[in-house]
file data-v5.pdb (PDB, C-alpha atoms, pLDDT in the B column)
ATOM      1  CA  MET A  55      69.515  63.621  77.356  1.00 51.00           C
ATOM      2  CA  GLN A  56      69.777  67.267  76.401  1.00 51.00           C
ATOM      3  CA  THR A  57      71.170  67.375  72.863  1.00 52.00           C
ATOM      4  CA  ASP A  58      71.753  71.083  72.218  1.00 57.00           C
ATOM      5  CA  PRO A  59      75.051  71.987  73.914  1.00 59.00           C
ATOM      6  CA  ASN A  60      74.726  75.731  73.511  1.00 66.00           C
ATOM      7  CA  TRP A  61      76.174  78.284  75.980  1.00 66.00           C
ATOM      8  CA  SER A  62      72.796  79.977  76.300  1.00 68.00           C
ATOM      9  CA  ASN A  63      71.210  76.730  77.539  1.00 72.00           C
ATOM     10  CA  PHE A  64      73.211  76.770  80.772  1.00 73.00           C
ATOM     11  CA  PHE A  65      73.156  78.965  83.869  1.00 77.00           C
ATOM     12  CA  TYR A  66      76.071  79.234  86.273  1.00 81.00           C
ATOM     13  CA  GLU A  67      75.176  79.995  89.890  1.00 85.00           C
ATOM     14  CA  ALA A  68      78.284  81.348  91.591  1.00 88.00           C
ATOM     15  CA  GLU A  69      76.910  80.957  95.122  1.00 90.00           C
ATOM     16  CA  SER A  70      76.576  77.175  94.806  1.00 90.00           C
ATOM     17  CA  ASN A  71      79.278  76.824  92.111  1.00 88.00           C
ATOM     18  CA  LYS A  72      76.823  74.791  90.003  1.00 84.00           C
ATOM     19  CA  ILE A  73      75.840  74.805  86.348  1.00 78.00           C
ATOM     20  CA  TYR A  74      72.145  74.334  85.569  1.00 76.00           C
ATOM     21  CA  LEU A  75      70.500  73.267  82.333  1.00 70.00           C
ATOM     22  CA  LEU A  76      67.780  75.689  81.243  1.00 70.00           C
ATOM     23  CA  ASP A  77      66.518  74.395  77.891  1.00 66.00           C
ATOM     24  CA  PHE A  78      64.812  71.018  77.692  1.00 63.00           C
ATOM     25  CA  GLY A  79      63.457  71.555  74.162  1.00 63.00           C
ATOM     26  CA  ALA A  80      66.189  69.498  72.500  1.00 62.00           C
ATOM     27  CA  THR A  81      66.029  66.320  74.533  1.00 70.00           C
ATOM     28  CA  ARG A  82      65.724  62.715  73.498  1.00 76.00           C
ATOM     29  CA  GLN A  83      65.434  59.326  75.102  1.00 83.00           C
ATOM     30  CA  TYR A  84      67.569  56.305  74.242  1.00 88.00           C
ATOM     31  CA  SER A  85      66.422  52.704  74.416  1.00 91.00           C
ATOM     32  CA  ARG A  86      67.625  50.742  77.403  1.00 92.00           C
ATOM     33  CA  LYS A  87      69.216  48.157  75.088  1.00 94.00           C
ATOM     34  CA  PHE A  88      71.280  50.903  73.408  1.00 94.00           C
ATOM     35  CA  VAL A  89      72.402  52.322  76.771  1.00 94.00           C
ATOM     36  CA  ASP A  90      73.247  48.860  78.147  1.00 95.00           C
ATOM     37  CA  ILE A  91      75.631  48.181  75.254  1.00 96.00           C
ATOM     38  CA  TYR A  92      76.995  51.740  75.026  1.00 96.00           C
ATOM     39  CA  ILE A  93      77.922  51.820  78.712  1.00 95.00           C
ATOM     40  CA  ASN A  94      79.754  48.495  78.224  1.00 96.00           C
ATOM     41  CA  ILE A  95      81.824  50.147  75.482  1.00 97.00           C
ATOM     42  CA  ILE A  96      82.717  53.080  77.751  1.00 95.00           C
ATOM     43  CA  LYS A  97      83.614  50.728  80.608  1.00 96.00           C
ATOM     44  CA  ALA A  98      85.765  48.611  78.259  1.00 97.00           C
ATOM     45  CA  ALA A  99      87.518  51.760  77.029  1.00 96.00           C
ATOM     46  CA  SER A 100      88.204  52.880  80.601  1.00 95.00           C
ATOM     47  CA  THR A 101      89.933  49.566  81.353  1.00 95.00           C
ATOM     48  CA  GLY A 102      91.600  49.107  77.951  1.00 94.00           C
ATOM     49  CA  ASN A 103      89.620  45.926  77.219  1.00 97.00           C
ATOM     50  CA  ARG A 104      89.994  45.686  73.428  1.00 98.00           C
ATOM     51  CA  GLU A 105      88.000  42.439  73.133  1.00 98.00           C
ATOM     52  CA  SER A 106      84.986  43.934  74.921  1.00 98.00           C
ATOM     53  CA  ILE A 107      85.196  47.148  72.849  1.00 98.00           C
ATOM     54  CA  VAL A 108      85.051  45.113  69.636  1.00 98.00           C
ATOM     55  CA  GLU A 109      82.339  42.705  70.857  1.00 98.00           C
ATOM     56  CA  ASN A 110      80.046  45.492  72.082  1.00 98.00           C
ATOM     57  CA  SER A 111      80.778  47.693  69.070  1.00 98.00           C
ATOM     58  CA  ILE A 112      79.540  44.872  66.824  1.00 98.00           C
ATOM     59  CA  LYS A 113      76.423  44.438  68.990  1.00 97.00           C
ATOM     60  CA  LEU A 114      75.665  48.152  68.768  1.00 96.00           C
ATOM     61  CA  GLY A 115      76.473  48.487  65.070  1.00 96.00           C
ATOM     62  CA  PHE A 116      79.660  50.553  65.106  1.00 96.00           C
ATOM     63  CA  LEU A 117      81.353  47.533  63.530  1.00 97.00           C
ATOM     64  CA  THR A 118      79.818  44.821  61.343  1.00 97.00           C
ATOM     65  CA  GLY A 119      81.906  41.767  62.216  1.00 97.00           C
ATOM     66  CA  TYR A 120      83.335  41.813  58.670  1.00 98.00           C
ATOM     67  CA  ASP A 121      85.536  44.883  59.135  1.00 98.00           C
ATOM     68  CA  THR A 122      89.142  45.152  58.037  1.00 98.00           C
ATOM     69  CA  LYS A 123      91.880  44.984  60.652  1.00 98.00           C
ATOM     70  CA  ALA A 124      92.644  48.651  59.876  1.00 98.00           C
ATOM     71  CA  MET A 125      89.039  49.647  60.669  1.00 98.00           C
ATOM     72  CA  ILE A 126      88.924  47.611  63.869  1.00 98.00           C
ATOM     73  CA  ASP A 127      92.268  49.048  65.022  1.00 98.00           C
ATOM     74  CA  ALA A 128      91.189  52.630  64.227  1.00 97.00           C
ATOM     75  CA  HIS A 129      87.836  52.166  65.960  1.00 97.00           C
ATOM     76  CA  VAL A 130      89.411  50.633  69.069  1.00 98.00           C
ATOM     77  CA  GLU A 131      92.000  53.433  69.139  1.00 97.00           C
ATOM     78  CA  ALA A 132      89.297  56.113  68.927  1.00 96.00           C
ATOM     79  CA  VAL A 133      87.136  54.481  71.608  1.00 96.00           C
ATOM     80  CA  THR A 134      90.131  53.914  73.897  1.00 96.00           C
ATOM     81  CA  VAL A 135      91.315  57.501  73.510  1.00 94.00           C
ATOM     82  CA  LEU A 136      87.841  58.913  74.186  1.00 93.00           C
ATOM     83  CA  GLY A 137      87.151  56.612  77.142  1.00 93.00           C
ATOM     84  CA  GLY A 138      90.644  56.864  78.571  1.00 91.00           C
ATOM     85  CA  PRO A 139      89.907  59.666  81.057  1.00 93.00           C
ATOM     86  CA  CYS A 140      87.217  57.432  82.623  1.00 94.00           C
ATOM     87  CA  GLY A 141      89.920  54.986  83.693  1.00 94.00           C
ATOM     88  CA  VAL A 142      92.529  57.298  85.177  1.00 94.00           C
ATOM     89  CA  ASP A 143      92.169  58.309  88.819  1.00 96.00           C
ATOM     90  CA  GLU A 144      93.626  61.794  88.466  1.00 96.00           C
ATOM     91  CA  MET A 145      92.607  65.219  87.258  1.00 97.00           C
ATOM     92  CA  PHE A 146      92.084  65.318  83.495  1.00 96.00           C
ATOM     93  CA  ASP A 147      93.082  68.714  82.084  1.00 96.00           C
ATOM     94  CA  PHE A 148      90.590  69.474  79.319  1.00 94.00           C
ATOM     95  CA  GLY A 149      92.471  72.667  78.461  1.00 93.00           C
ATOM     96  CA  ARG A 150      95.694  70.790  77.640  1.00 94.00           C
ATOM     97  CA  GLN A 151      94.272  67.557  76.190  1.00 92.00           C
ATOM     98  CA  ASP A 152      95.403  66.088  72.870  1.00 91.00           C
ATOM     99  CA  ILE A 153      92.382  63.840  72.302  1.00 91.00           C
ATOM    100  CA  THR A 154      91.182  65.898  69.349  1.00 86.00           C
ATOM    101  CA  LYS A 155      94.494  65.404  67.506  1.00 90.00           C
ATOM    102  CA  LYS A 156      94.519  61.678  68.255  1.00 93.00           C
ATOM    103  CA  ILE A 157      90.986  61.283  66.882  1.00 92.00           C
ATOM    104  CA  GLU A 158      91.836  63.342  63.783  1.00 93.00           C
ATOM    105  CA  ASN A 159      94.590  60.800  63.049  1.00 94.00           C
ATOM    106  CA  VAL A 160      92.206  57.812  62.923  1.00 95.00           C
ATOM    107  CA  VAL A 161      89.243  59.457  61.152  1.00 94.00           C
ATOM    108  CA  PRO A 162      90.689  59.026  57.624  1.00 96.00           C
ATOM    109  CA  VAL A 163      91.152  55.292  58.241  1.00 96.00           C
ATOM    110  CA  MET A 164      87.583  54.935  59.516  1.00 95.00           C
ATOM    111  CA  LEU A 165      86.197  56.903  56.565  1.00 94.00           C
ATOM    112  CA  LYS A 166      88.050  54.674  54.123  1.00 96.00           C
ATOM    113  CA  HIS A 167      87.253  51.324  55.764  1.00 97.00           C
ATOM    114  CA  ARG A 168      83.805  51.778  57.372  1.00 95.00           C
ATOM    115  CA  LEU A 169      81.302  49.234  56.006  1.00 96.00           C
ATOM    116  CA  SER A 170      78.169  50.786  57.520  1.00 93.00           C
ATOM    117  CA  PRO A 171      77.208  54.064  59.190  1.00 93.00           C
ATOM    118  CA  PRO A 172      77.402  54.312  62.983  1.00 93.00           C
ATOM    119  CA  PRO A 173      74.199  53.646  64.943  1.00 94.00           C
ATOM    120  CA  GLU A 174      71.635  56.421  64.405  1.00 92.00           C
ATOM    121  CA  GLU A 175      71.389  57.170  68.139  1.00 91.00           C
ATOM    122  CA  THR A 176      75.071  58.050  68.316  1.00 91.00           C
ATOM    123  CA  TYR A 177      74.712  61.155  66.156  1.00 88.00           C
ATOM    124  CA  SER A 178      72.758  63.069  68.811  1.00 84.00           C
ATOM    125  CA  LEU A 179      74.630  61.459  71.703  1.00 87.00           C
ATOM    126  CA  HIS A 180      78.067  62.250  70.296  1.00 87.00           C
ATOM    127  CA  ARG A 181      76.948  65.793  69.472  1.00 84.00           C
ATOM    128  CA  LYS A 182      76.040  66.242  73.138  1.00 82.00           C
ATOM    129  CA  LEU A 183      79.227  64.629  74.412  1.00 85.00           C
ATOM    130  CA  SER A 184      81.437  66.658  72.069  1.00 85.00           C
ATOM    131  CA  GLY A 185      79.628  69.833  73.133  1.00 82.00           C
ATOM    132  CA  ALA A 186      80.246  69.045  76.799  1.00 83.00           C
ATOM    133  CA  PHE A 187      83.874  68.185  75.995  1.00 87.00           C
ATOM    134  CA  LEU A 188      84.369  71.478  74.124  1.00 87.00           C
ATOM    135  CA  LEU A 189      82.715  73.405  76.969  1.00 85.00           C
ATOM    136  CA  CYS A 190      85.153  71.811  79.426  1.00 89.00           C
ATOM    137  CA  ALA A 191      88.078  72.621  77.099  1.00 90.00           C
ATOM    138  CA  LYS A 192      86.937  76.248  76.734  1.00 89.00           C
ATOM    139  CA  LEU A 193      86.686  76.558  80.530  1.00 89.00           C
ATOM    140  CA  LYS A 194      90.071  74.803  80.904  1.00 93.00           C
ATOM    141  CA  SER A 195      88.376  72.437  83.337  1.00 94.00           C
ATOM    142  CA  ARG A 196      90.352  69.938  85.365  1.00 96.00           C
ATOM    143  CA  VAL A 197      88.152  67.007  86.347  1.00 95.00           C
ATOM    144  CA  ASN A 198      88.701  63.581  87.840  1.00 96.00           C
ATOM    145  CA  VAL A 199      86.488  61.906  85.240  1.00 95.00           C
ATOM    146  CA  LYS A 200      86.969  58.459  86.781  1.00 96.00           C
ATOM    147  CA  SER A 201      85.458  59.666  90.061  1.00 96.00           C
ATOM    148  CA  LEU A 202      82.332  60.709  88.126  1.00 93.00           C
ATOM    149  CA  TYR A 203      81.987  57.547  86.049  1.00 93.00           C
ATOM    150  CA  ASP A 204      82.874  54.873  88.625  1.00 95.00           C
ATOM    151  CA  PRO A 205      79.678  55.425  90.676  1.00 94.00           C
ATOM    152  CA  VAL A 206      77.622  55.322  87.464  1.00 92.00           C
ATOM    153  CA  PHE A 207      79.235  52.032  86.431  1.00 91.00           C
ATOM    154  CA  ALA A 208      78.789  50.624  89.944  1.00 93.00           C
ATOM    155  CA  ARG A 209      75.073  51.326  90.249  1.00 93.00           C
ATOM    156  CA  TYR A 210      73.996  50.843  86.628  1.00 92.00           C
ATOM    157  CA  GLU A 211      71.289  48.182  86.260  1.00 91.00           C
ATOM    158  CA  TYR A 212      71.345  46.240  82.995  1.00 92.00           C
ATOM    159  CA  GLY A 213      68.323  44.842  81.205  1.00 90.00           C
ATOM    160  CA  LEU A 214      65.635  47.095  82.640  1.00 89.00           C
ATOM    161  CA  PRO A 215      62.664  47.749  80.358  1.00 89.00           C
ATOM    162  CA  ASP A 216      62.284  51.012  78.478  1.00 86.00           C
ATOM    163  CA  ARG A 217      59.797  53.413  80.011  1.00 75.00           C
ATOM    164  CA  GLU A 218      58.175  56.661  79.068  1.00 60.00           C
ATOM    165  CA  TYR A 219      58.918  59.772  81.066  1.00 51.00           C
ATOM    166  CA  HIS A 220      56.466  62.592  81.557  1.00 49.00           C
ATOM    167  CA  LEU A 221      57.232  66.238  82.266  1.00 46.00           C
ATOM    168  CA  ASP A 222      55.174  66.196  85.454  1.00 49.00           C
ATOM    169  CA  GLU A 223      57.071  63.184  86.835  1.00 49.00           C
ATOM    170  CA  LYS A 224      58.986  63.876  90.058  1.00 47.00           C
ATOM    171  CA  SER A 225      61.857  61.394  89.518  1.00 44.00           C
TER
END
call {"tool": "encode", "arguments": {"input": "data-v5.pdb", "output": "structure tokens"}}
result
Amino acid sequence: MQTDPNWSNFFYEAESNKIYLLDFGATRQYSRKFVDIYINIIKAASTGNRESIVENSIKLGFLTGYDTKAMIDAHVEAVTVLGGPCGVDEMFDFGRQDITKKIENVVPVMLKHRLSPPPEETYSLHRKLSGAFLLCAKLKSRVNVKSLYDPVFARYEYGLPDREYHLDEKS
């Protein structure tokens, strides 16, 4: 995953109406185990499955299993808000969204009640995701997020071994 969401790292080609990534210097790989659990959290958020959000958040280390009700509620709220667009089959208007405000409301609770730091991998991943989110907001993008995520959920294969990728690899 490219982890430096900087305007200068992207190229827009008007003829094809596509955005291309130019800079691969700030990339990282995530373990398959991490991705397996993380994608379960996103899927649970898209369907509003609180139990699965909590269960997988404990497995990944967002929650400890000994968290206060306030922390669990704040965490589930944040995850549900962030994953919500993945579950709605309509255009999501990034330019008019209120997700940022909703997250700001739960951050103080999480700061007060968090028993352990989030998983280390999430720092770079969430930096990338927030950069992409802010880019979409700046462009006032309207995207059917569900139509992008549903095929990913449908074809995702759990439990595959980690592998190394090489720059000269074709796939």
call {"tool": "atom_distance", "arguments": {"input": "data-v5.pdb", "atom1": "atom CA of Phe148 of chain A", "atom2": "atom CA of Lys192 of chain A"}}
result
8.1 Å
call {"tool": "resolve_selection", "arguments": {"input": "data-v5.pdb", "expression": "the PyMOL selection byres ((chain A and resi 121-129) around 6)", "output": "NGL selection string"}}
result
:A and (119-120 or 130-132 or 160 or 164 or 167)
call {"tool": "resolve_selection", "arguments": {"input": "data-v5.pdb", "expression": "the PyMOL selection byres ((chain A and resi 106) around 12)", "output": "PyMOL selection string"}}
result
chain A and resi 91-105+107-114+130+133-134
call {"tool": "closest_atom_pairs", "arguments": {"input": "data-v5.pdb", "of": "segment 128-169 of chain A", "to": "segment 175-191 of chain A", "cutoff": "9 Å", "atoms": "only C-alpha atoms", "output": "Markdown table"}}
result
| residue | atom | partner | partner_atom | distance |
| --- | --- | --- | --- | --- |
| A:Asp147 | CA | A:Ala191 | CA | 8.1 |
| A:Phe148 | CA | A:Ala191 | CA | 4.6 |
| A:Gly149 | CA | A:Ala191 | CA | 4.6 |
| A:Arg150 | CA | A:Ala191 | CA | 7.9 |
| A:Gln151 | CA | A:Ala191 | CA | 8.1 |
call {"tool": "closest_residue", "arguments": {"input": "data-v5.pdb", "among": "A:Asn63, A:Thr118, A:Ser201, A:Ser70", "to": "Arg168 of chain A", "atoms": "all atoms listed in the file"}}
result
A:Thr118
call {"tool": "closest_residue", "arguments": {"input": "data-v5.pdb", "among": "A:Leu169, A:Val161, A:Met145, A:Leu76", "to": "Val199 of chain A", "atoms": "all atoms listed in the file"}}
result
A:Met145
call {"tool": "atom_distance", "arguments": {"input": "data-v5.pdb", "atom1": "atom CA of Glu67 of chain A", "atom2": "atom CA of Val206 of chain A"}}
result
24.9 Å
call {"tool": "atom_distance", "arguments": {"input": "data-v5.pdb", "atom1": "atom CA of Asp152 of chain A", "atom2": "atom CA of Asn198 of chain A"}}
result
16.6 Å
call {"tool": "closest_residue", "arguments": {"input": "data-v5.pdb", "among": "A:Phe64, A:Leu136, A:Arg196, A:Glu174", "to": "Tyr84 of chain A", "atoms": "all atoms listed in the file"}}
result
A:Glu174
call {"tool": "axis_aligned_box", "arguments": {"input": "data-v5.pdb", "around": "segment 125-140 of chain A", "padding_each_side": "8 Å", "output": "lines of an AutoDock Vina configuration file"}}
result
center_x = 89.7
center_y = 53.6
center_z = 71.6
size_x = 21.1
size_y = 28.1
size_z = 38.0
call {"tool": "closest_residue", "arguments": {"input": "data-v5.pdb", "among": "A:Lys166, A:Lys200, A:Leu193, A:Leu75", "to": "Gly137 of chain A", "atoms": "all atoms listed in the file"}}
result
A:Lys200
